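S.K.: This is the structure I have questions about; it appears just below.
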Amino acid sequence: MTFTDNHYKVLTCLSQNRFHTIAELSEDSGLSCVAIYKYLQSFSKLGLEITAMSHKGYRLNRKLELLSASQIKKGLDTNALSLLTTLEIYPQISSTNRYLGEMMETKAQSGHVCFAESQTHGRGRRGRQWISPFGANIYLSLSWLFEKDLASLSGLSLVIGIAVVRALTEMGVHNIALKWPNDIYWQNKKLGGILIEISNKSQAVIGLGLNLYLPKKQTMHITQPWTDLDKIITKTDYSRNHLASLLLNHLLAVIVSFEKKTLRSYLSEWRSYDCMQGQEVFIYRGQQQFKGIIEGIDDNGMLLFKESSGMIKTFASAEVSFRKNR
Ligand code: BTN
């Protein structure tokens with residue numbers, strides 16, 4: 001479904017979080033009642049859940065806080081404000097990573113940030129789809145031109161994971177963990193993922209998808225244990241814009257310090273969040289499958305894996321994926 005300015009207008013009216021009659025929505029948005037009815041029908045395709053009541057009208061089942069560039073900027077610290085060059089928010093985009101990747105080809109710049117309310121072709125690791133319903137989660141990409149060479153950027157996803165844990169912790173969300181190389185976990189369930197795409201000129205697009213609320217309908221095709229922020233924190237009135245600012249504060253700070261330092265400075269913090277160390281897993285590389293125990297990561301950020309024979313193998317992130325042996 002193509003998202004238009006009119007969809008956005010109607011949703012802005014609905015985001016007041018109460019019942020609205022069609023006549024009211026029509027008056028507030030300047031659209032005809034027939035058009036309003038059509039838009040209301042289409043919202044379920046975006047993943048929005050709406051309750052209709054005969055005398056009261058329509059209301060969204062869950063509070064909708066639309067992302068706002070001015071709100072996000074208000075929450076940025078001085079360091080982040082000085083590093084941010086462009087901040088864009090799209091109601092719908094194919095993929096924020098794809099968009100910034102294309103921008104990099106024509107106008108490469110550090111500190112270009114793009115958020116989306118929904119993605120039609122959200123990209124996950126290993127060619128997977130990232131489910132991106134409207135207005136509930138964080139879909140964020142950030143571009144950066146690194147001075148380091150490509151080889152020194154191999155630990156970037158670990159460092160970005162640290163920034164995400166720091167941001168969530170500052171928001172009062174505790175016990176967030178990391179699963180090598182770039183998953184955000186909580187109690188053995190995936191809360192978010194990082195997708196970093198780097199060109200051979202050390203130009204990086206850093207993408208983050210964080211689940212705040214995944215509607216049940218949309219989760220049928222997710223093949224691994226997952227969670228969302230609504231299930232972790234009891235207060236559901238946290239601000240999405242505030243979380244977006246915290247993420248940018250920590251992401252930009254970590255990126256700049258990673259430019260000056262090496263991965264080694266971050267290893268002990270990363271290891272303190274590692275939720276896979278000591279776990280029995282299956283590792284998949286192409287057609288090969290290995291069973292063994294995760295020993296942790298080495299000083300270069302590679303995965304250390306102990307086979308049943310006792311032999312330790314190291315794996316780079318691009319070549320493998322792994323699952324817990326349940
Ligand atoms: C993973 O597979 O775990 C990585 C998921 C990364 C998803 C984010 S959402 C924002 C950005 N745009 C994309 O298309 N993908 C990343």
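How things are named: the first chain in the structure tokens is A, the next is B, and so on; residues count from 1 in each chain; ligands count from 1 in the order shown.
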Taking only C-alpha atoms and all ligand atoms into account, which residues have an atom no farther than 10 Å from ligand 1? I'd like them as a VMD selection string.
M.R.: chain A and resid 93 to 100 114 to 116 118 to 132 137 to 142 181 to 184 190 to 197 205 to 211
S.K.: Write to file, as an mmCIF file, in the first residue's frame, the residues of the selection just made, with C-alpha atoms.
M.R.:
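Saved file part_37.cif follows:
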```
data_model
loop_
_atom_site.group_PDB
_atom_site.id
_atom_site.type_symbol
_atom_site.label_atom_id
_atom_site.label_comp_id
_atom_site.auth_asym_id
_atom_site.auth_seq_id
_atom_site.Cartn_x
_atom_site.Cartn_y
_atom_site.Cartn_z
ATOM 1 C CA ILE A 93 10.008 4.186 2.792
ATOM 2 C CA SER A 94 11.261 0.985 1.169
ATOM 3 C CA SER A 95 14.183 0.696 3.597
ATOM 4 C CA THR A 96 16.039 3.393 5.530
ATOM 5 C CA ASN A 97 19.316 1.508 4.919
ATOM 6 C CA ARG A 98 18.666 1.317 1.218
ATOM 7 C CA TYR A 99 17.793 5.027 1.096
ATOM 8 C CA LEU A 100 20.973 6.131 2.870
ATOM 9 C CA CYS A 114 16.851 8.729 8.546
ATOM 10 C CA PHE A 115 13.912 7.387 10.557
ATOM 11 C CA ALA A 116 10.788 5.831 9.071
ATOM 12 C CA SER A 118 7.127 2.078 8.287
ATOM 13 C CA GLN A 119 9.227 0.236 5.714
ATOM 14 C CA THR A 120 7.848 -1.703 2.765
ATOM 15 C CA HIS A 121 11.087 -3.658 2.222
ATOM 16 C CA GLY A 122 12.843 -3.505 5.587
ATOM 17 C CA ARG A 123 16.118 -5.398 5.327
ATOM 18 C CA GLY A 124 17.431 -7.819 7.920
ATOM 19 C CA ARG A 125 20.745 -9.658 8.009
ATOM 20 C CA ARG A 126 21.422 -12.484 5.575
ATOM 21 C CA GLY A 127 18.799 -11.253 3.074
ATOM 22 C CA ARG A 128 15.945 -11.623 5.535
ATOM 23 C CA GLN A 129 12.966 -9.280 5.692
ATOM 24 C CA TRP A 130 12.598 -6.922 8.654
ATOM 25 C CA ILE A 131 8.924 -6.628 9.555
ATOM 26 C CA SER A 132 8.177 -2.901 9.744
ATOM 27 C CA ASN A 137 8.836 0.607 16.349
ATOM 28 C CA ILE A 138 12.144 2.262 15.625
ATOM 29 C CA TYR A 139 13.559 1.969 12.115
ATOM 30 C CA LEU A 140 16.660 4.096 11.968
ATOM 31 C CA SER A 141 19.684 4.438 9.696
ATOM 32 C CA LEU A 142 22.719 6.632 10.077
ATOM 33 C CA PRO A 181 27.402 -10.179 16.271
ATOM 34 C CA ASN A 182 24.543 -7.680 16.252
ATOM 35 C CA ASP A 183 21.318 -8.692 17.942
ATOM 36 C CA ILE A 184 19.724 -6.898 20.856
ATOM 37 C CA LYS A 190 15.243 -10.813 20.140
ATOM 38 C CA LEU A 191 14.320 -7.183 20.777
ATOM 39 C CA GLY A 192 16.195 -5.623 17.905
ATOM 40 C CA GLY A 193 18.803 -6.018 15.221
ATOM 41 C CA ILE A 194 21.614 -4.048 13.632
ATOM 42 C CA LEU A 195 22.438 -4.130 9.947
ATOM 43 C CA ILE A 196 25.663 -2.426 8.907
ATOM 44 C CA GLU A 197 26.439 -2.032 5.224
ATOM 45 C CA VAL A 205 25.211 2.832 6.710
ATOM 46 C CA ILE A 206 24.309 1.725 10.212
ATOM 47 C CA GLY A 207 20.740 0.445 10.491
ATOM 48 C CA LEU A 208 18.851 -0.300 13.681
ATOM 49 C CA GLY A 209 15.454 -1.921 14.059
ATOM 50 C CA LEU A 210 14.045 -1.983 17.587
ATOM 51 C CA ASN A 211 10.718 -3.607 18.472
#
```
S.K.: Identify, on the basis of only C-alpha atoms, every residue whose closest approach to A:Leu263 does not exceed 10 Å; exclude the query and any residue fewer than 5 positions from it along the same chain; express the result as a list in words.
M.R.: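 Using only C-alpha atoms, the neighbours found are Ser152, Leu153, Ser154, Gly155, Leu156, Leu158, Val159, Phe258, Ser268, Trp270, Asp299, Asn300 and Gly301 of chain A.
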S.K.: Enter the distance from atom CA of A:Arg59 to atom CA of A:His20, in Å, rounded to one decimal.
M.R.: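 Interatomic distance, atom CA of A:Arg59 to atom CA of A:His20: 6.4 Å.
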S.K.: Check the smallest atom-to-atom distance from each of A:Thr85, A:Thr219, A:Ser202, A:Gln279 to A:Glu259 using only C-alpha atoms, then report the winner.
M.R.: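 Among the listed residues, A:Ser202 lies closest to A:Glu259.
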S.K.: Please identify all polymer residues within 12 Å of A:Tyr185, counting only C-alpha atoms, omitting same-chain residues fewer than 3 positions from it, and present them as a VMD selection string.
M.R.: chain A and resid 161 to 162 164 to 165 168 173 to 182 188 to 194 210 to 211 224 to 229 232 273 to 276
S.K.: Between atom CA of A:Arg264 and atom CA of A:Gly101, what is the distance in Å, rounded to a tenth?
M.R.: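 Spanning atom CA of A:Arg264 to atom CA of A:Gly101 is a straight-line distance of 28.3 Å.
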S.K.: What separation in Å, quoted to one decimal, exists between atom CA of A:Leu76 and atom CA of A:Leu248?
M.R.: 7.3 Å
S.K.: Write out as a PDB file with N, CA and C atoms, in the first residue's frame all residues of stretch 28-138 of chain A that backbone DSSP assigns to strand (DSSP E).
M.R.:
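Just written: out.pdb:
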```pdb
ATOM      1  N   ILE A  50      -7.397  -0.876  14.991  1.00  0.00           N
ATOM      2  CA  ILE A  50      -8.399   0.157  15.287  1.00  0.00           C
ATOM      3  C   ILE A  50      -9.663  -0.487  15.838  1.00  0.00           C
ATOM      4  N   THR A  51     -10.248   0.149  16.856  1.00  0.00           N
ATOM      5  CA  THR A  51     -11.533  -0.311  17.370  1.00  0.00           C
ATOM      6  C   THR A  51     -12.615   0.621  16.836  1.00  0.00           C
ATOM      7  N   ALA A  52     -13.724   0.027  16.366  1.00  0.00           N
ATOM      8  CA  ALA A  52     -14.851   0.844  15.902  1.00  0.00           C
ATOM      9  C   ALA A  52     -16.029   0.571  16.829  1.00  0.00           C
ATOM     10  N   MET A  53     -16.674   1.628  17.326  1.00  0.00           N
ATOM     11  CA  MET A  53     -17.853   1.448  18.182  1.00  0.00           C
ATOM     12  C   MET A  53     -18.999   2.260  17.613  1.00  0.00           C
ATOM     13  N   GLY A  57     -17.464   5.963  17.373  1.00  0.00           N
ATOM     14  CA  GLY A  57     -16.582   6.153  16.221  1.00  0.00           C
ATOM     15  C   GLY A  57     -15.368   5.235  16.268  1.00  0.00           C
ATOM     16  N   TYR A  58     -14.208   5.784  15.953  1.00  0.00           N
ATOM     17  CA  TYR A  58     -12.999   4.967  15.781  1.00  0.00           C
ATOM     18  C   TYR A  58     -11.896   5.456  16.708  1.00  0.00           C
ATOM     19  N   ARG A  59     -11.118   4.483  17.208  1.00  0.00           N
ATOM     20  CA  ARG A  59      -9.918   4.872  17.956  1.00  0.00           C
ATOM     21  C   ARG A  59      -8.834   3.833  17.749  1.00  0.00           C
ATOM     22  N   LEU A  60      -7.609   4.302  17.822  1.00  0.00           N
ATOM     23  CA  LEU A  60      -6.482   3.369  17.700  1.00  0.00           C
ATOM     24  C   LEU A  60      -6.382   2.572  18.993  1.00  0.00           C
ATOM     25  N   THR A  86      21.967  15.849   8.934  1.00  0.00           N
ATOM     26  CA  THR A  86      20.610  15.862   8.373  1.00  0.00           C
ATOM     27  C   THR A  86      19.756  14.877   9.163  1.00  0.00           C
ATOM     28  N   LEU A  87      18.527  15.294   9.467  1.00  0.00           N
ATOM     29  CA  LEU A  87      17.597  14.380  10.147  1.00  0.00           C
ATOM     30  C   LEU A  87      16.317  14.326   9.323  1.00  0.00           C
ATOM     31  N   GLU A  88      16.008  13.141   8.817  1.00  0.00           N
ATOM     32  CA  GLU A  88      14.799  12.995   7.996  1.00  0.00           C
ATOM     33  C   GLU A  88      13.892  11.943   8.617  1.00  0.00           C
ATOM     34  N   ILE A  89      12.586  12.178   8.475  1.00  0.00           N
ATOM     35  CA  ILE A  89      11.614  11.180   8.944  1.00  0.00           C
ATOM     36  C   ILE A  89      10.632  10.931   7.809  1.00  0.00           C
ATOM     37  N   TYR A  90      10.478   9.684   7.425  1.00  0.00           N
ATOM     38  CA  TYR A  90       9.528   9.345   6.354  1.00  0.00           C
ATOM     39  C   TYR A  90       8.389   8.517   6.941  1.00  0.00           C
ATOM     40  N   HIS A 112      24.199  11.760   8.677  1.00  0.00           N
ATOM     41  CA  HIS A 112      22.879  11.816   8.025  1.00  0.00           C
ATOM     42  C   HIS A 112      22.013  10.718   8.670  1.00  0.00           C
ATOM     43  N   VAL A 113      20.894  11.127   9.234  1.00  0.00           N
ATOM     44  CA  VAL A 113      20.036  10.177   9.963  1.00  0.00           C
ATOM     45  C   VAL A 113      18.670  10.113   9.295  1.00  0.00           C
ATOM     46  N   CYS A 114      18.183   8.906   9.133  1.00  0.00           N
ATOM     47  CA  CYS A 114      16.851   8.729   8.546  1.00  0.00           C
ATOM     48  C   CYS A 114      16.028   7.771   9.409  1.00  0.00           C
ATOM     49  N   PHE A 115      14.875   8.241   9.853  1.00  0.00           N
ATOM     50  CA  PHE A 115      13.912   7.387  10.557  1.00  0.00           C
ATOM     51  C   PHE A 115      12.734   7.137   9.625  1.00  0.00           C
ATOM     52  N   ALA A 116      12.024   6.050   9.817  1.00  0.00           N
ATOM     53  CA  ALA A 116      10.788   5.831   9.071  1.00  0.00           C
ATOM     54  C   ALA A 116       9.720   5.328  10.037  1.00  0.00           C
ATOM     55  N   ILE A 138      11.108   1.341  16.088  1.00  0.00           N
ATOM     56  CA  ILE A 138      12.144   2.262  15.625  1.00  0.00           C
ATOM     57  C   ILE A 138      12.803   1.631  14.400  1.00  0.00           C
TER      58      ILE A 138
END
```
S.K.: Find the residues around A:Lys306 up to 10 Å (only C-alpha atoms counted), leave out those fewer than 6 positions away in its own chain, and share them as a ChimeraX atom specification.
M.R.: /A:278,280-281,290-296,312-314
S.K.: At a cut-off of 10 Å, using only C-alpha atoms, what residues contact A:Leu40? Leave out same-chain residues fewer than 3 positions from it and give the result as a ChimeraX atom specification.
M.R.: /A:7,10-11,14,22,35-37,43-45,48,50,52,58-59
S.K.: Which one is closest to A:Asp149: A:Gln218, A:Thr262, A:Asn61, A:Ser70? Count only C-alpha atoms.
M.R.: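 Among the listed residues, the smallest separation from A:Asp149 belongs to A:Thr262.
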